[in-house]
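**Student:** What follows is the file model01.cif, containing mmCIF, N, CA and C atoms and all ligand atoms:
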```cif
data_target
loop_
_atom_site.label_atom_id
_atom_site.label_comp_id
_atom_site.auth_asym_id
_atom_site.auth_seq_id
_atom_site.Cartn_x
_atom_site.Cartn_y
_atom_site.Cartn_z
N MET A 1 -13.23 -4.92 -6.43
CA MET A 1 -12.57 -5.32 -5.17
C MET A 1 -13.28 -6.54 -4.60
N SER A 2 -12.54 -7.49 -4.10
CA SER A 2 -13.17 -8.68 -3.53
C SER A 2 -13.92 -8.30 -2.26
N SER A 3 -14.89 -9.09 -1.93
CA SER A 3 -15.75 -8.73 -0.82
C SER A 3 -15.07 -8.95 0.52
N SER A 4 -15.43 -8.13 1.45
CA SER A 4 -14.91 -8.26 2.80
C SER A 4 -16.04 -7.86 3.73
N ASP A 5 -16.21 -8.59 4.81
CA ASP A 5 -17.28 -8.26 5.75
C ASP A 5 -16.86 -7.17 6.72
N LYS A 6 -15.62 -6.79 6.62
CA LYS A 6 -15.06 -5.88 7.60
C LYS A 6 -15.65 -4.49 7.46
N THR A 7 -15.85 -3.83 8.58
CA THR A 7 -16.23 -2.43 8.59
C THR A 7 -15.03 -1.63 9.05
N TYR A 8 -14.59 -0.72 8.22
CA TYR A 8 -13.40 0.06 8.53
C TYR A 8 -13.78 1.33 9.29
N PRO A 9 -12.88 1.78 10.16
CA PRO A 9 -13.16 3.03 10.89
C PRO A 9 -13.44 4.21 9.96
N VAL A 10 -12.71 4.27 8.85
CA VAL A 10 -12.95 5.35 7.88
C VAL A 10 -13.89 4.86 6.80
N GLN A 11 -15.07 5.46 6.71
CA GLN A 11 -16.08 5.10 5.72
C GLN A 11 -16.36 6.31 4.83
N LYS A 12 -16.22 6.12 3.53
CA LYS A 12 -16.56 7.21 2.61
C LYS A 12 -17.36 6.65 1.46
N THR A 13 -18.15 7.50 0.84
CA THR A 13 -18.90 7.05 -0.33
C THR A 13 -17.96 7.04 -1.54
N ASP A 14 -18.40 6.36 -2.57
CA ASP A 14 -17.62 6.32 -3.80
C ASP A 14 -17.34 7.73 -4.33
N ALA A 15 -18.36 8.59 -4.26
CA ALA A 15 -18.19 9.96 -4.75
C ALA A 15 -17.13 10.71 -3.94
N GLU A 16 -17.13 10.47 -2.63
CA GLU A 16 -16.13 11.13 -1.79
C GLU A 16 -14.71 10.66 -2.11
N TRP A 17 -14.59 9.37 -2.35
CA TRP A 17 -13.25 8.85 -2.72
C TRP A 17 -12.79 9.45 -4.04
N ARG A 18 -13.70 9.52 -5.02
CA ARG A 18 -13.34 10.10 -6.32
C ARG A 18 -12.87 11.53 -6.18
N GLU A 19 -13.54 12.25 -5.30
CA GLU A 19 -13.22 13.65 -5.06
C GLU A 19 -11.82 13.80 -4.43
N GLN A 20 -11.53 12.92 -3.48
CA GLN A 20 -10.30 13.03 -2.71
C GLN A 20 -9.06 12.57 -3.48
N LEU A 21 -9.22 11.53 -4.30
CA LEU A 21 -8.07 10.89 -4.92
C LEU A 21 -7.95 11.28 -6.39
N ASP A 22 -6.73 11.23 -6.92
CA ASP A 22 -6.62 11.44 -8.36
C ASP A 22 -7.02 10.13 -9.05
N PRO A 23 -7.25 10.14 -10.37
CA PRO A 23 -7.81 8.95 -11.02
C PRO A 23 -6.99 7.67 -10.82
N MET A 24 -5.69 7.78 -10.86
CA MET A 24 -4.85 6.59 -10.66
C MET A 24 -4.95 6.10 -9.22
N GLN A 25 -4.88 7.01 -8.27
CA GLN A 25 -5.02 6.63 -6.86
C GLN A 25 -6.37 5.98 -6.61
N TYR A 26 -7.40 6.53 -7.22
CA TYR A 26 -8.74 5.99 -7.04
C TYR A 26 -8.83 4.56 -7.58
N GLN A 27 -8.32 4.34 -8.77
CA GLN A 27 -8.38 3.01 -9.37
C GLN A 27 -7.61 1.99 -8.54
N VAL A 28 -6.44 2.38 -8.06
CA VAL A 28 -5.61 1.46 -7.27
C VAL A 28 -6.23 1.23 -5.89
N ALA A 29 -6.47 2.31 -5.17
CA ALA A 29 -6.87 2.18 -3.77
C ALA A 29 -8.29 1.64 -3.61
N ARG A 30 -9.19 2.03 -4.50
CA ARG A 30 -10.59 1.65 -4.32
C ARG A 30 -11.04 0.52 -5.23
N HIS A 31 -10.29 0.24 -6.29
CA HIS A 31 -10.69 -0.84 -7.19
C HIS A 31 -9.58 -1.85 -7.42
N ALA A 32 -8.58 -1.83 -6.54
CA ALA A 32 -7.51 -2.83 -6.55
C ALA A 32 -6.80 -2.95 -7.90
N ALA A 33 -6.73 -1.83 -8.62
CA ALA A 33 -5.94 -1.83 -9.85
C ALA A 33 -4.46 -1.91 -9.47
N THR A 34 -3.64 -2.28 -10.43
CA THR A 34 -2.20 -2.30 -10.19
C THR A 34 -1.54 -1.35 -11.19
N GLU A 35 -0.73 -0.44 -10.68
CA GLU A 35 -0.03 0.46 -11.60
C GLU A 35 1.01 -0.35 -12.37
N ARG A 36 1.37 0.10 -13.57
CA ARG A 36 2.38 -0.62 -14.33
C ARG A 36 3.74 -0.53 -13.64
N ALA A 37 4.50 -1.61 -13.71
CA ALA A 37 5.82 -1.65 -13.09
C ALA A 37 6.69 -0.50 -13.61
N PHE A 38 7.50 0.04 -12.74
CA PHE A 38 8.46 1.10 -13.07
C PHE A 38 7.79 2.42 -13.50
N THR A 39 6.49 2.58 -13.21
CA THR A 39 5.83 3.83 -13.58
C THR A 39 5.45 4.66 -12.37
N GLY A 40 5.46 4.08 -11.18
CA GLY A 40 4.99 4.80 -9.99
C GLY A 40 6.04 5.78 -9.48
N LYS A 41 5.62 6.56 -8.50
CA LYS A 41 6.49 7.60 -7.94
C LYS A 41 7.61 7.03 -7.08
N TYR A 42 7.38 5.87 -6.48
CA TYR A 42 8.25 5.47 -5.35
C TYR A 42 9.08 4.22 -5.55
N TRP A 43 8.98 3.54 -6.71
CA TRP A 43 9.74 2.29 -6.83
C TRP A 43 11.23 2.54 -6.72
N ASP A 44 11.68 3.74 -7.16
CA ASP A 44 13.11 4.06 -7.11
C ASP A 44 13.33 5.31 -6.26
N HIS A 45 12.70 5.33 -5.12
CA HIS A 45 12.70 6.50 -4.23
C HIS A 45 13.31 6.07 -2.90
N TRP A 46 14.43 6.70 -2.50
CA TRP A 46 15.18 6.16 -1.35
C TRP A 46 15.44 7.18 -0.26
N GLN A 47 14.70 8.27 -0.26
CA GLN A 47 14.82 9.26 0.80
C GLN A 47 14.36 8.66 2.12
N SER A 48 14.93 9.14 3.23
CA SER A 48 14.46 8.59 4.50
C SER A 48 13.19 9.31 4.93
N GLY A 49 12.29 8.54 5.50
CA GLY A 49 11.00 9.09 5.89
C GLY A 49 10.00 7.97 6.03
N GLU A 50 8.74 8.31 5.84
CA GLU A 50 7.70 7.30 6.01
C GLU A 50 6.66 7.41 4.90
N TYR A 51 5.95 6.31 4.73
CA TYR A 51 4.94 6.24 3.67
C TYR A 51 3.58 6.03 4.31
N LYS A 52 2.64 6.90 3.91
CA LYS A 52 1.31 6.89 4.54
C LYS A 52 0.25 6.45 3.54
N CYS A 53 -0.86 5.97 4.07
CA CYS A 53 -2.00 5.59 3.24
C CYS A 53 -2.54 6.82 2.51
N VAL A 54 -2.76 6.66 1.20
CA VAL A 54 -3.26 7.78 0.41
C VAL A 54 -4.73 8.07 0.76
N GLY A 55 -5.41 7.08 1.32
CA GLY A 55 -6.82 7.24 1.63
C GLY A 55 -7.07 7.95 2.95
N CYS A 56 -6.25 7.66 3.96
CA CYS A 56 -6.56 8.19 5.29
C CYS A 56 -5.35 8.73 6.05
N GLY A 57 -4.16 8.63 5.47
CA GLY A 57 -2.99 9.22 6.13
C GLY A 57 -2.34 8.36 7.20
N THR A 58 -2.84 7.15 7.41
CA THR A 58 -2.21 6.27 8.41
C THR A 58 -0.79 5.93 7.98
N ARG A 59 0.13 5.99 8.94
CA ARG A 59 1.51 5.62 8.68
C ARG A 59 1.60 4.11 8.45
N LEU A 60 2.11 3.69 7.29
CA LEU A 60 2.12 2.27 6.94
C LEU A 60 3.51 1.66 6.88
N PHE A 61 4.43 2.36 6.24
CA PHE A 61 5.78 1.81 6.04
C PHE A 61 6.83 2.88 6.32
N GLU A 62 8.00 2.43 6.78
CA GLU A 62 9.13 3.33 6.98
C GLU A 62 10.16 3.08 5.90
N ALA A 63 10.89 4.13 5.55
CA ALA A 63 11.93 3.99 4.52
C ALA A 63 12.99 2.95 4.92
N ASP A 64 13.19 2.78 6.23
CA ASP A 64 14.17 1.80 6.73
C ASP A 64 13.87 0.38 6.29
N THR A 65 12.62 0.07 6.02
CA THR A 65 12.25 -1.30 5.66
C THR A 65 12.07 -1.46 4.15
N LYS A 66 12.36 -0.41 3.41
CA LYS A 66 12.20 -0.46 1.95
C LYS A 66 13.44 -1.10 1.34
N PHE A 67 13.24 -1.91 0.35
CA PHE A 67 14.39 -2.52 -0.33
C PHE A 67 14.11 -2.64 -1.83
N ASP A 68 15.16 -2.83 -2.60
CA ASP A 68 15.00 -2.92 -4.05
C ASP A 68 14.76 -4.37 -4.44
N ALA A 69 13.50 -4.68 -4.76
CA ALA A 69 13.16 -6.06 -5.13
C ALA A 69 13.29 -6.25 -6.64
N GLY A 70 13.59 -5.17 -7.36
CA GLY A 70 13.77 -5.28 -8.80
C GLY A 70 12.48 -5.51 -9.57
N CYS A 71 11.34 -5.31 -8.91
CA CYS A 71 10.06 -5.64 -9.54
C CYS A 71 9.36 -4.42 -10.12
N GLY A 72 9.85 -3.22 -9.80
CA GLY A 72 9.24 -2.01 -10.34
C GLY A 72 8.15 -1.40 -9.49
N TRP A 73 7.97 -1.96 -8.29
CA TRP A 73 7.05 -1.37 -7.31
C TRP A 73 7.79 -1.16 -6.00
N PRO A 74 7.36 -0.20 -5.21
CA PRO A 74 7.97 -0.04 -3.88
C PRO A 74 7.79 -1.33 -3.08
N SER A 75 8.87 -1.81 -2.48
CA SER A 75 8.83 -3.06 -1.72
C SER A 75 9.37 -2.85 -0.32
N TYR A 76 8.72 -3.46 0.63
CA TYR A 76 9.09 -3.32 2.04
C TYR A 76 9.09 -4.70 2.67
N TRP A 77 9.94 -4.90 3.68
CA TRP A 77 9.92 -6.20 4.33
C TRP A 77 9.04 -6.22 5.58
N ALA A 78 8.49 -5.06 5.96
CA ALA A 78 7.56 -5.03 7.09
C ALA A 78 6.78 -3.73 7.10
N PRO A 79 5.53 -3.76 7.58
CA PRO A 79 4.81 -2.50 7.84
C PRO A 79 5.26 -1.93 9.19
N VAL A 80 4.84 -0.71 9.52
CA VAL A 80 5.26 -0.11 10.79
C VAL A 80 4.83 -0.98 11.98
N ASN A 81 3.66 -1.60 11.88
CA ASN A 81 3.27 -2.64 12.83
C ASN A 81 2.17 -3.47 12.19
N SER A 82 1.88 -4.62 12.78
CA SER A 82 0.97 -5.54 12.10
C SER A 82 -0.47 -5.04 12.11
N GLU A 83 -0.79 -4.08 12.97
CA GLU A 83 -2.18 -3.62 13.07
C GLU A 83 -2.61 -2.69 11.93
N VAL A 84 -1.67 -2.04 11.27
CA VAL A 84 -2.06 -1.06 10.25
C VAL A 84 -2.45 -1.72 8.94
N ILE A 85 -2.16 -3.01 8.82
CA ILE A 85 -2.36 -3.73 7.57
C ILE A 85 -3.40 -4.83 7.74
N GLU A 86 -4.30 -4.93 6.78
CA GLU A 86 -5.22 -6.07 6.74
C GLU A 86 -4.76 -7.00 5.62
N ARG A 87 -4.77 -8.31 5.88
CA ARG A 87 -4.41 -9.28 4.85
C ARG A 87 -5.66 -10.01 4.39
N VAL A 88 -5.86 -10.09 3.09
CA VAL A 88 -7.05 -10.72 2.53
C VAL A 88 -6.60 -11.68 1.42
N VAL A 89 -7.09 -12.90 1.47
CA VAL A 89 -6.75 -13.85 0.40
C VAL A 89 -7.41 -13.40 -0.89
N ASP A 90 -6.63 -13.31 -1.94
CA ASP A 90 -7.07 -12.80 -3.24
C ASP A 90 -6.88 -13.89 -4.28
N LYS A 91 -8.02 -14.36 -4.84
CA LYS A 91 -7.95 -15.44 -5.81
C LYS A 91 -8.19 -14.94 -7.24
N SER A 92 -8.03 -13.63 -7.45
CA SER A 92 -8.26 -13.10 -8.79
C SER A 92 -7.10 -13.46 -9.72
N HIS A 93 -7.34 -13.35 -11.02
CA HIS A 93 -6.31 -13.59 -12.04
C HIS A 93 -5.75 -15.00 -11.98
N GLY A 94 -6.54 -15.97 -11.50
CA GLY A 94 -6.10 -17.36 -11.49
C GLY A 94 -4.96 -17.68 -10.56
N MET A 95 -4.71 -16.79 -9.60
CA MET A 95 -3.63 -17.01 -8.64
C MET A 95 -4.19 -16.90 -7.23
N VAL A 96 -3.50 -17.49 -6.29
CA VAL A 96 -3.86 -17.24 -4.90
C VAL A 96 -2.77 -16.37 -4.30
N ARG A 97 -3.13 -15.17 -3.99
CA ARG A 97 -2.17 -14.23 -3.42
C ARG A 97 -2.76 -13.63 -2.16
N VAL A 98 -1.95 -12.96 -1.39
CA VAL A 98 -2.46 -12.28 -0.20
C VAL A 98 -2.43 -10.78 -0.47
N GLU A 99 -3.64 -10.23 -0.56
CA GLU A 99 -3.77 -8.80 -0.76
C GLU A 99 -3.52 -8.07 0.56
N VAL A 100 -2.93 -6.90 0.50
CA VAL A 100 -2.83 -6.08 1.71
C VAL A 100 -3.61 -4.78 1.52
N ARG A 101 -4.36 -4.46 2.57
CA ARG A 101 -5.17 -3.24 2.59
C ARG A 101 -4.84 -2.43 3.81
N CYS A 102 -5.16 -1.15 3.73
CA CYS A 102 -5.09 -0.30 4.91
C CYS A 102 -6.17 -0.76 5.88
N ASN A 103 -5.80 -0.98 7.12
CA ASN A 103 -6.75 -1.49 8.10
C ASN A 103 -7.67 -0.40 8.62
N ASN A 104 -7.39 0.82 8.27
CA ASN A 104 -8.19 1.93 8.77
C ASN A 104 -9.26 2.38 7.77
N CYS A 105 -8.96 2.30 6.48
CA CYS A 105 -9.94 2.78 5.48
C CYS A 105 -10.22 1.75 4.40
N GLY A 106 -9.53 0.61 4.42
CA GLY A 106 -9.82 -0.45 3.46
C GLY A 106 -9.23 -0.24 2.08
N SER A 107 -8.40 0.78 1.91
CA SER A 107 -7.80 1.01 0.60
C SER A 107 -6.86 -0.13 0.22
N HIS A 108 -6.95 -0.56 -1.02
CA HIS A 108 -6.02 -1.58 -1.54
C HIS A 108 -4.63 -0.98 -1.64
N LEU A 109 -3.64 -1.74 -1.16
CA LEU A 109 -2.26 -1.25 -1.20
C LEU A 109 -1.42 -2.04 -2.20
N GLY A 110 -1.57 -3.36 -2.16
CA GLY A 110 -0.76 -4.22 -3.01
C GLY A 110 -0.89 -5.65 -2.51
N HIS A 111 0.21 -6.41 -2.58
CA HIS A 111 0.19 -7.79 -2.14
C HIS A 111 1.43 -8.08 -1.31
N VAL A 112 1.35 -9.15 -0.51
CA VAL A 112 2.52 -9.57 0.25
C VAL A 112 2.92 -10.97 -0.20
N PHE A 113 4.22 -11.17 -0.39
CA PHE A 113 4.74 -12.45 -0.88
C PHE A 113 5.78 -12.99 0.11
N PRO A 114 5.91 -14.32 0.15
CA PRO A 114 6.81 -14.92 1.16
C PRO A 114 8.25 -15.04 0.68
N ASP A 115 8.70 -14.12 -0.17
CA ASP A 115 10.06 -14.26 -0.71
C ASP A 115 10.92 -13.03 -0.43
N GLY A 116 10.63 -12.36 0.66
CA GLY A 116 11.38 -11.15 1.02
C GLY A 116 12.62 -11.46 1.83
N PRO A 117 13.38 -10.42 2.15
CA PRO A 117 14.61 -10.59 2.93
C PRO A 117 14.33 -10.77 4.42
N GLN A 118 15.30 -11.21 5.15
CA GLN A 118 15.21 -11.27 6.61
C GLN A 118 15.22 -9.84 7.16
N PRO A 119 14.66 -9.60 8.35
CA PRO A 119 14.24 -10.60 9.34
C PRO A 119 12.84 -11.19 9.14
N THR A 120 12.02 -10.66 8.28
CA THR A 120 10.64 -11.17 8.20
C THR A 120 10.47 -12.23 7.11
N GLY A 121 11.30 -12.16 6.05
CA GLY A 121 11.11 -13.07 4.92
C GLY A 121 9.91 -12.70 4.07
N GLU A 122 9.35 -11.53 4.33
CA GLU A 122 8.18 -11.12 3.56
C GLU A 122 8.52 -9.95 2.64
N ARG A 123 7.77 -9.88 1.55
CA ARG A 123 7.93 -8.77 0.59
C ARG A 123 6.57 -8.14 0.36
N PHE A 124 6.41 -6.93 0.88
CA PHE A 124 5.19 -6.17 0.64
C PHE A 124 5.39 -5.38 -0.64
N CYS A 125 4.65 -5.79 -1.66
CA CYS A 125 4.78 -5.18 -2.98
C CYS A 125 3.62 -4.19 -3.12
N ILE A 126 3.93 -2.91 -3.06
CA ILE A 126 2.92 -1.87 -2.85
C ILE A 126 2.87 -0.91 -4.04
N ASN A 127 1.69 -0.49 -4.42
CA ASN A 127 1.55 0.50 -5.48
C ASN A 127 1.91 1.89 -4.97
N SER A 128 2.73 2.60 -5.75
CA SER A 128 3.06 3.99 -5.38
C SER A 128 1.80 4.83 -5.24
N ALA A 129 0.81 4.53 -6.07
CA ALA A 129 -0.42 5.33 -6.07
C ALA A 129 -1.24 5.15 -4.80
N ALA A 130 -0.92 4.15 -4.00
CA ALA A 130 -1.68 3.90 -2.78
C ALA A 130 -1.04 4.54 -1.54
N ILE A 131 0.14 5.13 -1.72
CA ILE A 131 0.87 5.67 -0.58
C ILE A 131 1.37 7.08 -0.87
N ASP A 132 1.60 7.81 0.21
CA ASP A 132 2.12 9.17 0.16
C ASP A 132 3.37 9.23 1.00
N PHE A 133 4.44 9.77 0.44
CA PHE A 133 5.69 9.85 1.19
C PHE A 133 5.75 11.12 2.02
N ALA A 134 6.27 11.01 3.24
CA ALA A 134 6.54 12.19 4.07
C ALA A 134 7.98 12.10 4.54
N PRO A 135 8.81 13.09 4.24
CA PRO A 135 10.21 13.03 4.65
C PRO A 135 10.36 13.06 6.17
N ASP A 136 11.52 12.62 6.62
CA ASP A 136 11.81 12.46 8.04
C ASP A 136 11.65 13.71 8.89
N SER A 137 11.82 14.87 8.30
CA SER A 137 11.79 16.11 9.08
C SER A 137 10.42 16.34 9.71
N ASP A 138 9.36 15.70 9.16
CA ASP A 138 8.04 15.81 9.75
C ASP A 138 8.04 15.25 11.17
N SER A 139 7.31 15.88 12.05
CA SER A 139 7.21 15.32 13.38
C SER A 139 6.32 14.10 13.34
N LYS A 140 6.73 13.06 14.02
CA LYS A 140 5.95 11.83 13.99
C LYS A 140 4.85 11.86 15.06
N PRO A 141 3.71 11.29 14.73
CA PRO A 141 2.61 11.30 15.70
C PRO A 141 2.91 10.42 16.90
ZN ZN A 201 -6.03 4.11 4.84
#
```
Written as structure tokens, that's how I'd like the structure from this file.
Ligand SMILES: [Zn+2]
**Tutor:**
Amino acid sequence: MSSSDKTYPVQKTDAEWREQLDPMQYQVARHAATERAFTGKYWDHWQSGEYKCVGCGTRLFEADTKFDAGCGWPSYWAPVNSEVIERVVDKSHGMVRVEVRCNNCGSHLGHVFPDGPQPTGERFCINSAAIDFAPDSDSKP
């Protein structure tokens, strides 16, 4: 994971993260791995509800903002609000991209690209392994 000076409200040791997450979730959320396209749980998942951070349970995205970008990963045009997401410039793999992380626990979520639909024009390309779906019937905090 690229370095960040930020201190997140949720701090856990590497051992604690390994314990909490399954191996794929751990690799994605804590080591910025990317799941293979069309292999995750949520790229073709259209139930209404919300998607939470796999690391800390923070509500990140709503089903209302999810759209089919045809890329094989869950895609959203906006997070629930701008505070839940941290944006970090990522220069790995010879590209300059904007990484998105959970602002509460620092888990890697995916990347944001400027080619999404209106009203934001943004496309949040998120790994299924970094999020947990909760159907609408759940009471919202
Ligand atoms: Zn989190």
**Student:** Would you mind writing down, as a ChimeraX atom specification, each residue of chain A that DSSP on the backbone assigns to strand (DSSP E or B)?
**Tutor:** /A:49-53,59-62,66-67,75-76,85-90,97-102,108-113,123-126,131-135
**Student:** DSSP on the backbone, helix (DSSP H, G or I) only: what residues of chain A does that give? Format it as a PyMOL selection string.
**Tutor:** chain A and resi 14-20+23-31+63-65+82-84+92-94+128-130
**Student:** If we count all atoms listed in the file, what is near Glu86 (chain A) at a cut-off of 5 Å, once residues fewer than 4 positions away on the same chain are taken out, given as a ChimeraX atom specification?
**Tutor:** /A:100-103
**Student:** Please list as a PyMOL selection string every residue within 6 Å of Leu109 (chain A), counting all atoms listed in the file and excluding residues in the same chain fewer than 2 positions away.
**Tutor:** chain A and resi 29+100-102+107+111+125-127+130
**Student:** Out of A:Ser75, A:Gly57, A:Phe113, A:Asp14, which residue has the shortest atom-to-atom distance to ligand ZN 201 (chain A) when counting all atoms listed in the file?
**Tutor:**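 Counting all atoms listed in the file, the residue closest to ligand ZN 201 (chain A) is A:Gly57.
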**Student:** Determine, counting only C-alpha atoms, which protein, DNA and RNA residues have an atom within 10 Å of an atom of region 44-46 of chain A; residues of the same chain fewer than 5 positions away are not included. Present the result as a ChimeraX atom specification.
**Tutor:** /A:38-39,63-64,66-68,70,72-75,133
**Student:** Restricting the calculation to all atoms listed in the file, which member of A:Ala37, A:Val89, A:Cys56, A:Val98 is positioned closest to ligand ZN 201 (chain A)?
**Tutor:**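 Looking at the shortest contact to ligand ZN 201 (chain A), the residue is A:Cys56.
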